[in-house]
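Student: Sharing a structure below in structure tokens format, with a few things to ask.
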Protein chains: 2
Amino acid sequence: MRIGELARRTGVSERSLRYYEQQGLLVSDRSPGGQREYAERAVDRVILIQELFAAGLHSKKIAELLPCMRDPDGGPNERATPQLVTDLTAERDRIDRLIADLSTSRAVLDDVITTAAREL
Amino acid sequence: MRIGELARRTGVSERSLRYYEQQGLLVSDRSPGGQREYAERAVDRVILIQELFAAGLHSKKIAELLPCMRDPDGGPNERATPQLVTDLTAERDRIDRLIADLSTSRAVLDDVITTAAREL
DNA sequence: GTAAAATCTGACATCAGTGTCAGGTTCAAG
DNA sequence: CTTGAACCTGACACTGATGTCAGATTTTAC
């Protein structure tokens, strides 16, 4: 599929898809004329990238992480370096703390919302 | 307490504390010489502000939200406007989706970490 | 072949919280 | 009074993913 369809199917802008490629997060074949052609699995890949971005990882870290993921269809995957494992562990801990913070904030918001609803 | 102590006790930079005040999130008395003097409760307030920032709320929204919180010591609190309730509900939903995304990302990281550990 | 739609590259703008620096003032201790 | 630490305001820089625009090229439909 071409970039427009991938953008539509993932909800990610074409601009961002090109940026992902530039950062080494996403690969594409090129048509004879130079236009990007994506495999079907690019959809899941883009969604995953978005989730990792949402989790606060930077593109460089994602670029290191992706090749080390277990591939469901058994593609050749790289081995995570000790440094990467250290980094990812720190990220995981940060995410755990973030989830805790988010739960607190959610409760605060919920309380204000509920209180306001009660006062109607 | 003065700004240095508040910064130390909350882990938030003095720069940020002044910024919070400028955005109407934090109040302070001033010494005769013009230096900020904070009440004890400022500590909790700052921590809460940080959590709300971490949850992705912008300062303007936090400034509207804070006066509508239920005050544990029964201070006079404002009533949330219908518009604010709508906004906060959207934020709450966004936070819920974010937590779900974070859990996915956490699992991905954990898988890479665990796989790497198994391969040692 | 021609027109319209889609894509290309490259460049610049944006957001909002935070870092940092400069130059001046206030506070606390000797 | 003096000295050094703490604080003040104001200004500028940064980050990094994304928006947006311009001008050129490719693809698709008729």
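Residues in the structure tokens are numbered from 1 in each chain, the chains being A, B, ... in the order shown, and ligands are numbered from 1 in the order shown.
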Would you please give, as a list in words, all residues of chain A that DSSP assigns to strand (DSSP E) based on the backbone?
Tutor: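 Residues meeting the strand (DSSP E) criterion: Asp29, Arg30, Arg36 and Glu37 of chain A.
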Student: Would you mind listing, as a PDB file with C-alpha atoms, in the first residue's frame, all residues of chain A that have at least one atom within 9 Å of chain C, where only C-alpha atoms (C1' of nucleotides) are what counts?
Tutor:
```
ATOM      1  CA  ARG A   2       1.097   3.588  -0.458  1.00  0.00           C
ATOM      2  CA  ILE A   3       1.551   6.221   2.181  1.00  0.00           C
ATOM      3  CA  GLY A   4      -1.913   7.691   1.949  1.00  0.00           C
ATOM      4  CA  GLY A  34      10.257   6.747  -6.095  1.00  0.00           C
ATOM      5  CA  GLN A  35       7.006   6.478  -4.163  1.00  0.00           C
ATOM      6  CA  ARG A  36       6.884   4.485  -0.947  1.00  0.00           C
TER       7      ARG A  36
END
```
Student: Sorted by chain and rising residue number, list the residues of chain B at most 7 Å from chain A (counting only C-alpha atoms), each with its closest atom pair and distance in Å to one decimal, as JSON lines.
Tutor:
```
{"residue": "B:Glu51", "atom": "CA", "partner": "A:Asp101", "partner_atom": "CA", "distance": 5.6}
{"residue": "B:Leu52", "atom": "CA", "partner": "A:Ser105", "partner_atom": "CA", "distance": 5.7}
{"residue": "B:Ala55", "atom": "CA", "partner": "A:Leu102", "partner_atom": "CA", "distance": 5.4}
{"residue": "B:Cys68", "atom": "CA", "partner": "A:Val112", "partner_atom": "CA", "distance": 6.5}
{"residue": "B:Met69", "atom": "CA", "partner": "A:Val112", "partner_atom": "CA", "distance": 5.8}
{"residue": "B:Arg79", "atom": "CA", "partner": "A:Ala116", "partner_atom": "CA", "distance": 6.9}
{"residue": "B:Ala80", "atom": "CA", "partner": "A:Ala116", "partner_atom": "CA", "distance": 6.0}
{"residue": "B:Val85", "atom": "CA", "partner": "A:Ile113", "partner_atom": "CA", "distance": 5.7}
{"residue": "B:Leu88", "atom": "CA", "partner": "A:Leu109", "partner_atom": "CA", "distance": 6.4}
{"residue": "B:Arg92", "atom": "CA", "partner": "A:Arg106", "partner_atom": "CA", "distance": 5.9}
{"residue": "B:Ile95", "atom": "CA", "partner": "A:Arg106", "partner_atom": "CA", "distance": 6.9}
{"residue": "B:Ile99", "atom": "CA", "partner": "A:Ile99", "partner_atom": "CA", "distance": 6.2}
{"residue": "B:Asp101", "atom": "CA", "partner": "A:Glu51", "partner_atom": "CA", "distance": 5.6}
{"residue": "B:Leu102", "atom": "CA", "partner": "A:Ala55", "partner_atom": "CA", "distance": 5.4}
{"residue": "B:Ser105", "atom": "CA", "partner": "A:Leu52", "partner_atom": "CA", "distance": 5.7}
{"residue": "B:Arg106", "atom": "CA", "partner": "A:Arg92", "partner_atom": "CA", "distance": 5.9}
{"residue": "B:Leu109", "atom": "CA", "partner": "A:Leu88", "partner_atom": "CA", "distance": 6.3}
{"residue": "B:Val112", "atom": "CA", "partner": "A:Met69", "partner_atom": "CA", "distance": 5.8}
{"residue": "B:Ile113", "atom": "CA", "partner": "A:Val85", "partner_atom": "CA", "distance": 5.7}
{"residue": "B:Ala116", "atom": "CA", "partner": "A:Ala80", "partner_atom": "CA", "distance": 6.0}
```
Student: Please list as an mmCIF file with N, CA and C atoms, in the first residue's frame every residue within 12 Å of Glu21 of chain B, counting only C-alpha atoms (C1' of nucleotides) and excluding residues in the same chain fewer than 6 positions away.
Tutor:
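Contents of result.cif, freshly written:
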```cif
data_model
loop_
_atom_site.group_PDB
_atom_site.id
_atom_site.type_symbol
_atom_site.label_atom_id
_atom_site.label_comp_id
_atom_site.auth_asym_id
_atom_site.auth_seq_id
_atom_site.Cartn_x
_atom_site.Cartn_y
_atom_site.Cartn_z
ATOM 1 N N ILE B 3 11.721 29.662 48.413
ATOM 2 C CA ILE B 3 11.637 28.865 47.191
ATOM 3 C C ILE B 3 12.677 27.754 47.120
ATOM 4 N N GLU B 14 13.493 25.669 40.904
ATOM 5 C CA GLU B 14 12.988 27.000 41.241
ATOM 6 C C GLU B 14 12.374 27.655 40.013
ATOM 7 N N ARG B 15 13.011 27.446 38.893
ATOM 8 C CA ARG B 15 12.489 27.986 37.639
ATOM 9 C C ARG B 15 11.049 27.564 37.416
ATOM 10 N N VAL B 27 0.366 29.956 44.686
ATOM 11 C CA VAL B 27 0.408 31.299 45.253
ATOM 12 C C VAL B 27 1.498 31.369 46.316
ATOM 13 N N SER B 28 1.948 32.562 46.567
ATOM 14 C CA SER B 28 2.963 32.751 47.593
ATOM 15 C C SER B 28 2.802 34.139 48.205
ATOM 16 N N ASP B 29 3.113 34.207 49.477
ATOM 17 C CA ASP B 29 3.244 35.526 50.094
ATOM 18 C C ASP B 29 4.608 36.062 49.724
ATOM 19 N N ARG B 36 9.614 35.223 47.816
ATOM 20 C CA ARG B 36 8.438 34.359 47.966
ATOM 21 C C ARG B 36 8.483 33.586 49.281
ATOM 22 N N TYR B 38 6.307 30.480 51.122
ATOM 23 C CA TYR B 38 5.292 29.465 50.845
ATOM 24 C C TYR B 38 4.752 28.859 52.130
ATOM 25 N N ALA B 42 2.014 24.081 50.317
ATOM 26 C CA ALA B 42 2.511 24.267 48.949
ATOM 27 C C ALA B 42 3.214 23.007 48.450
ATOM 28 N N ARG B 45 0.722 20.739 47.011
ATOM 29 C CA ARG B 45 0.197 21.394 45.826
ATOM 30 C C ARG B 45 1.136 21.219 44.625
ATOM 31 N N VAL B 46 2.411 21.436 44.879
ATOM 32 C CA VAL B 46 3.388 21.312 43.798
ATOM 33 C C VAL B 46 3.454 19.877 43.273
ATOM 34 N N ILE B 49 0.523 19.299 41.114
ATOM 35 C CA ILE B 49 0.699 19.963 39.823
ATOM 36 C C ILE B 49 1.594 19.126 38.912
ATOM 37 N N SER B 59 -1.166 23.816 31.566
ATOM 38 C CA SER B 59 -1.265 24.661 32.762
ATOM 39 C C SER B 59 -2.600 25.386 32.840
ATOM 40 N N LYS B 60 -3.119 25.797 31.718
ATOM 41 C CA LYS B 60 -4.387 26.525 31.737
ATOM 42 C C LYS B 60 -5.508 25.659 32.306
ATOM 43 N N ALA B 63 -5.061 25.206 35.953
ATOM 44 C CA ALA B 63 -5.454 26.420 36.670
ATOM 45 C C ALA B 63 -6.966 26.485 36.870
#
```
Student: Both chains have the same sequence, so match all Cα atoms in order, fit chain B onto chain A by least squares, and return it as a PDB file with C-alpha atoms, in the first residue's frame.
Tutor:
```pdb
ATOM      1  CA  MET B   1      -0.041   0.021  -0.019  1.00  0.00           C
ATOM      2  CA  ARG B   2       1.087   3.595  -0.469  1.00  0.00           C
ATOM      3  CA  ILE B   3       1.562   6.250   2.145  1.00  0.00           C
ATOM      4  CA  GLY B   4      -1.898   7.746   1.914  1.00  0.00           C
ATOM      5  CA  GLU B   5      -3.603   4.480   2.698  1.00  0.00           C
ATOM      6  CA  LEU B   6      -1.220   3.703   5.530  1.00  0.00           C
ATOM      7  CA  ALA B   7      -1.884   7.123   6.993  1.00  0.00           C
ATOM      8  CA  ARG B   8      -5.613   6.592   6.726  1.00  0.00           C
ATOM      9  CA  ARG B   9      -5.523   3.135   8.239  1.00  0.00           C
ATOM     10  CA  THR B  10      -3.321   4.076  11.176  1.00  0.00           C
ATOM     11  CA  GLY B  11      -4.542   7.567  11.834  1.00  0.00           C
ATOM     12  CA  VAL B  12      -0.951   8.807  11.589  1.00  0.00           C
ATOM     13  CA  SER B  13      -0.116  11.691   9.290  1.00  0.00           C
ATOM     14  CA  GLU B  14       1.952  11.195   6.157  1.00  0.00           C
ATOM     15  CA  ARG B  15       4.410  13.665   7.589  1.00  0.00           C
ATOM     16  CA  SER B  16       4.939  11.445  10.604  1.00  0.00           C
ATOM     17  CA  LEU B  17       5.289   8.297   8.526  1.00  0.00           C
ATOM     18  CA  ARG B  18       8.094   9.884   6.534  1.00  0.00           C
ATOM     19  CA  TYR B  19       9.649  11.021   9.773  1.00  0.00           C
ATOM     20  CA  TYR B  20       9.512   7.480  11.162  1.00  0.00           C
ATOM     21  CA  GLU B  21      11.326   6.208   8.096  1.00  0.00           C
ATOM     22  CA  GLN B  22      13.930   8.929   8.409  1.00  0.00           C
ATOM     23  CA  GLN B  23      14.503   7.846  12.012  1.00  0.00           C
ATOM     24  CA  GLY B  24      14.903   4.219  10.991  1.00  0.00           C
ATOM     25  CA  LEU B  25      11.678   3.023  12.578  1.00  0.00           C
ATOM     26  CA  LEU B  26       9.868   2.063   9.417  1.00  0.00           C
ATOM     27  CA  VAL B  27      10.985   0.648   6.096  1.00  0.00           C
ATOM     28  CA  SER B  28       9.383   0.860   2.705  1.00  0.00           C
ATOM     29  CA  ASP B  29      10.007  -0.331  -0.790  1.00  0.00           C
ATOM     30  CA  ARG B  30      10.007   2.236  -3.529  1.00  0.00           C
ATOM     31  CA  SER B  31       8.119   2.185  -6.789  1.00  0.00           C
ATOM     32  CA  PRO B  32      10.123   2.755  -9.976  1.00  0.00           C
ATOM     33  CA  GLY B  33       9.072   6.376  -9.668  1.00  0.00           C
ATOM     34  CA  GLY B  34      10.296   6.661  -6.100  1.00  0.00           C
ATOM     35  CA  GLN B  35       7.036   6.417  -4.199  1.00  0.00           C
ATOM     36  CA  ARG B  36       6.876   4.468  -0.956  1.00  0.00           C
ATOM     37  CA  GLU B  37       5.262   1.043  -0.967  1.00  0.00           C
ATOM     38  CA  TYR B  38       4.404  -0.521   2.380  1.00  0.00           C
ATOM     39  CA  ALA B  39       3.846  -4.150   3.326  1.00  0.00           C
ATOM     40  CA  GLU B  40       0.681  -5.091   5.163  1.00  0.00           C
ATOM     41  CA  ARG B  41       2.526  -5.471   8.420  1.00  0.00           C
ATOM     42  CA  ALA B  42       3.483  -1.822   8.364  1.00  0.00           C
ATOM     43  CA  VAL B  43       0.076  -1.063   9.866  1.00  0.00           C
ATOM     44  CA  ASP B  44       0.826  -2.889  13.099  1.00  0.00           C
ATOM     45  CA  ARG B  45       4.320  -1.534  13.117  1.00  0.00           C
ATOM     46  CA  VAL B  46       3.115   2.046  12.941  1.00  0.00           C
ATOM     47  CA  ILE B  47       0.578   1.493  15.688  1.00  0.00           C
ATOM     48  CA  LEU B  48       3.285   0.026  17.888  1.00  0.00           C
ATOM     49  CA  ILE B  49       5.549   2.960  17.194  1.00  0.00           C
ATOM     50  CA  GLN B  50       2.780   5.318  18.200  1.00  0.00           C
ATOM     51  CA  GLU B  51       2.257   3.446  21.444  1.00  0.00           C
ATOM     52  CA  LEU B  52       5.940   3.595  22.255  1.00  0.00           C
ATOM     53  CA  PHE B  53       5.959   7.303  21.519  1.00  0.00           C
ATOM     54  CA  ALA B  54       2.959   7.715  23.786  1.00  0.00           C
ATOM     55  CA  ALA B  55       4.932   5.915  26.479  1.00  0.00           C
ATOM     56  CA  GLY B  56       7.574   8.597  26.250  1.00  0.00           C
ATOM     57  CA  LEU B  57      10.302   6.709  24.428  1.00  0.00           C
ATOM     58  CA  HIS B  58      12.375   8.670  21.971  1.00  0.00           C
ATOM     59  CA  SER B  59      12.815   7.605  18.391  1.00  0.00           C
ATOM     60  CA  LYS B  60      16.422   6.598  18.883  1.00  0.00           C
ATOM     61  CA  LYS B  61      15.515   4.216  21.673  1.00  0.00           C
ATOM     62  CA  ILE B  62      12.629   2.807  19.661  1.00  0.00           C
ATOM     63  CA  ALA B  63      14.973   2.262  16.742  1.00  0.00           C
ATOM     64  CA  GLU B  64      17.209   0.167  18.974  1.00  0.00           C
ATOM     65  CA  LEU B  65      14.321  -1.653  20.551  1.00  0.00           C
ATOM     66  CA  LEU B  66      12.343  -2.730  17.498  1.00  0.00           C
ATOM     67  CA  PRO B  67      14.944  -5.117  16.034  1.00  0.00           C
ATOM     68  CA  CYS B  68      15.144  -6.912  19.379  1.00  0.00           C
ATOM     69  CA  MET B  69      11.469  -7.757  19.590  1.00  0.00           C
ATOM     70  CA  ARG B  70      10.417 -11.331  19.373  1.00  0.00           C
ATOM     71  CA  ASP B  71       9.128 -11.771  15.893  1.00  0.00           C
ATOM     72  CA  PRO B  72       5.857 -13.687  15.732  1.00  0.00           C
ATOM     73  CA  ASP B  73       6.740 -15.067  12.297  1.00  0.00           C
ATOM     74  CA  GLY B  74      10.261 -15.890  13.369  1.00  0.00           C
ATOM     75  CA  GLY B  75      12.189 -13.262  11.470  1.00  0.00           C
ATOM     76  CA  PRO B  76      15.817 -12.772  12.345  1.00  0.00           C
ATOM     77  CA  ASN B  77      15.981 -10.485  15.319  1.00  0.00           C
ATOM     78  CA  GLU B  78      18.973  -8.863  16.935  1.00  0.00           C
ATOM     79  CA  ARG B  79      20.199  -9.439  20.433  1.00  0.00           C
ATOM     80  CA  ALA B  80      19.688  -6.644  22.909  1.00  0.00           C
ATOM     81  CA  THR B  81      22.948  -5.219  24.171  1.00  0.00           C
ATOM     82  CA  PRO B  82      23.488  -4.985  27.931  1.00  0.00           C
ATOM     83  CA  GLN B  83      23.339  -1.216  27.606  1.00  0.00           C
ATOM     84  CA  LEU B  84      19.986  -1.401  25.869  1.00  0.00           C
ATOM     85  CA  VAL B  85      18.627  -3.734  28.536  1.00  0.00           C
ATOM     86  CA  THR B  86      19.718  -1.243  31.166  1.00  0.00           C
ATOM     87  CA  ASP B  87      18.052   1.596  29.303  1.00  0.00           C
ATOM     88  CA  LEU B  88      14.842  -0.302  28.718  1.00  0.00           C
ATOM     89  CA  THR B  89      14.682  -1.337  32.343  1.00  0.00           C
ATOM     90  CA  ALA B  90      14.918   2.317  33.326  1.00  0.00           C
ATOM     91  CA  GLU B  91      12.163   3.121  30.858  1.00  0.00           C
ATOM     92  CA  ARG B  92      10.006   0.350  32.219  1.00  0.00           C
ATOM     93  CA  ASP B  93      10.431   1.664  35.734  1.00  0.00           C
ATOM     94  CA  ARG B  94       9.600   5.144  34.545  1.00  0.00           C
ATOM     95  CA  ILE B  95       6.467   3.851  32.860  1.00  0.00           C
ATOM     96  CA  ASP B  96       5.446   2.117  36.064  1.00  0.00           C
ATOM     97  CA  ARG B  97       5.806   5.354  37.988  1.00  0.00           C
ATOM     98  CA  LEU B  98       3.956   7.197  35.248  1.00  0.00           C
ATOM     99  CA  ILE B  99       1.036   4.802  35.380  1.00  0.00           C
ATOM    100  CA  ALA B 100       0.834   5.352  39.113  1.00  0.00           C
ATOM    101  CA  ASP B 101       0.831   9.112  38.601  1.00  0.00           C
ATOM    102  CA  LEU B 102      -1.791   8.820  35.914  1.00  0.00           C
ATOM    103  CA  SER B 103      -4.026   6.861  38.233  1.00  0.00           C
ATOM    104  CA  THR B 104      -3.737   9.599  40.825  1.00  0.00           C
ATOM    105  CA  SER B 105      -4.543  12.275  38.292  1.00  0.00           C
ATOM    106  CA  ARG B 106      -7.414  10.269  36.953  1.00  0.00           C
ATOM    107  CA  ALA B 107      -8.860  10.027  40.443  1.00  0.00           C
ATOM    108  CA  VAL B 108      -8.546  13.779  40.904  1.00  0.00           C
ATOM    109  CA  LEU B 109     -10.339  14.459  37.645  1.00  0.00           C
ATOM    110  CA  ASP B 110     -12.969  11.896  38.413  1.00  0.00           C
ATOM    111  CA  ASP B 111     -13.602  13.463  41.780  1.00  0.00           C
ATOM    112  CA  VAL B 112     -14.105  16.915  40.296  1.00  0.00           C
ATOM    113  CA  ILE B 113     -16.359  15.521  37.592  1.00  0.00           C
ATOM    114  CA  THR B 114     -18.411  13.494  40.033  1.00  0.00           C
ATOM    115  CA  THR B 115     -18.684  16.337  42.521  1.00  0.00           C
ATOM    116  CA  ALA B 116     -19.878  18.680  39.801  1.00  0.00           C
ATOM    117  CA  ALA B 117     -22.441  16.128  38.649  1.00  0.00           C
ATOM    118  CA  ARG B 118     -23.763  15.739  42.184  1.00  0.00           C
ATOM    119  CA  GLU B 119     -24.200  19.479  42.549  1.00  0.00           C
ATOM    120  CA  LEU B 120     -26.523  19.815  39.594  1.00  0.00           C
TER     121      LEU B 120
END
```
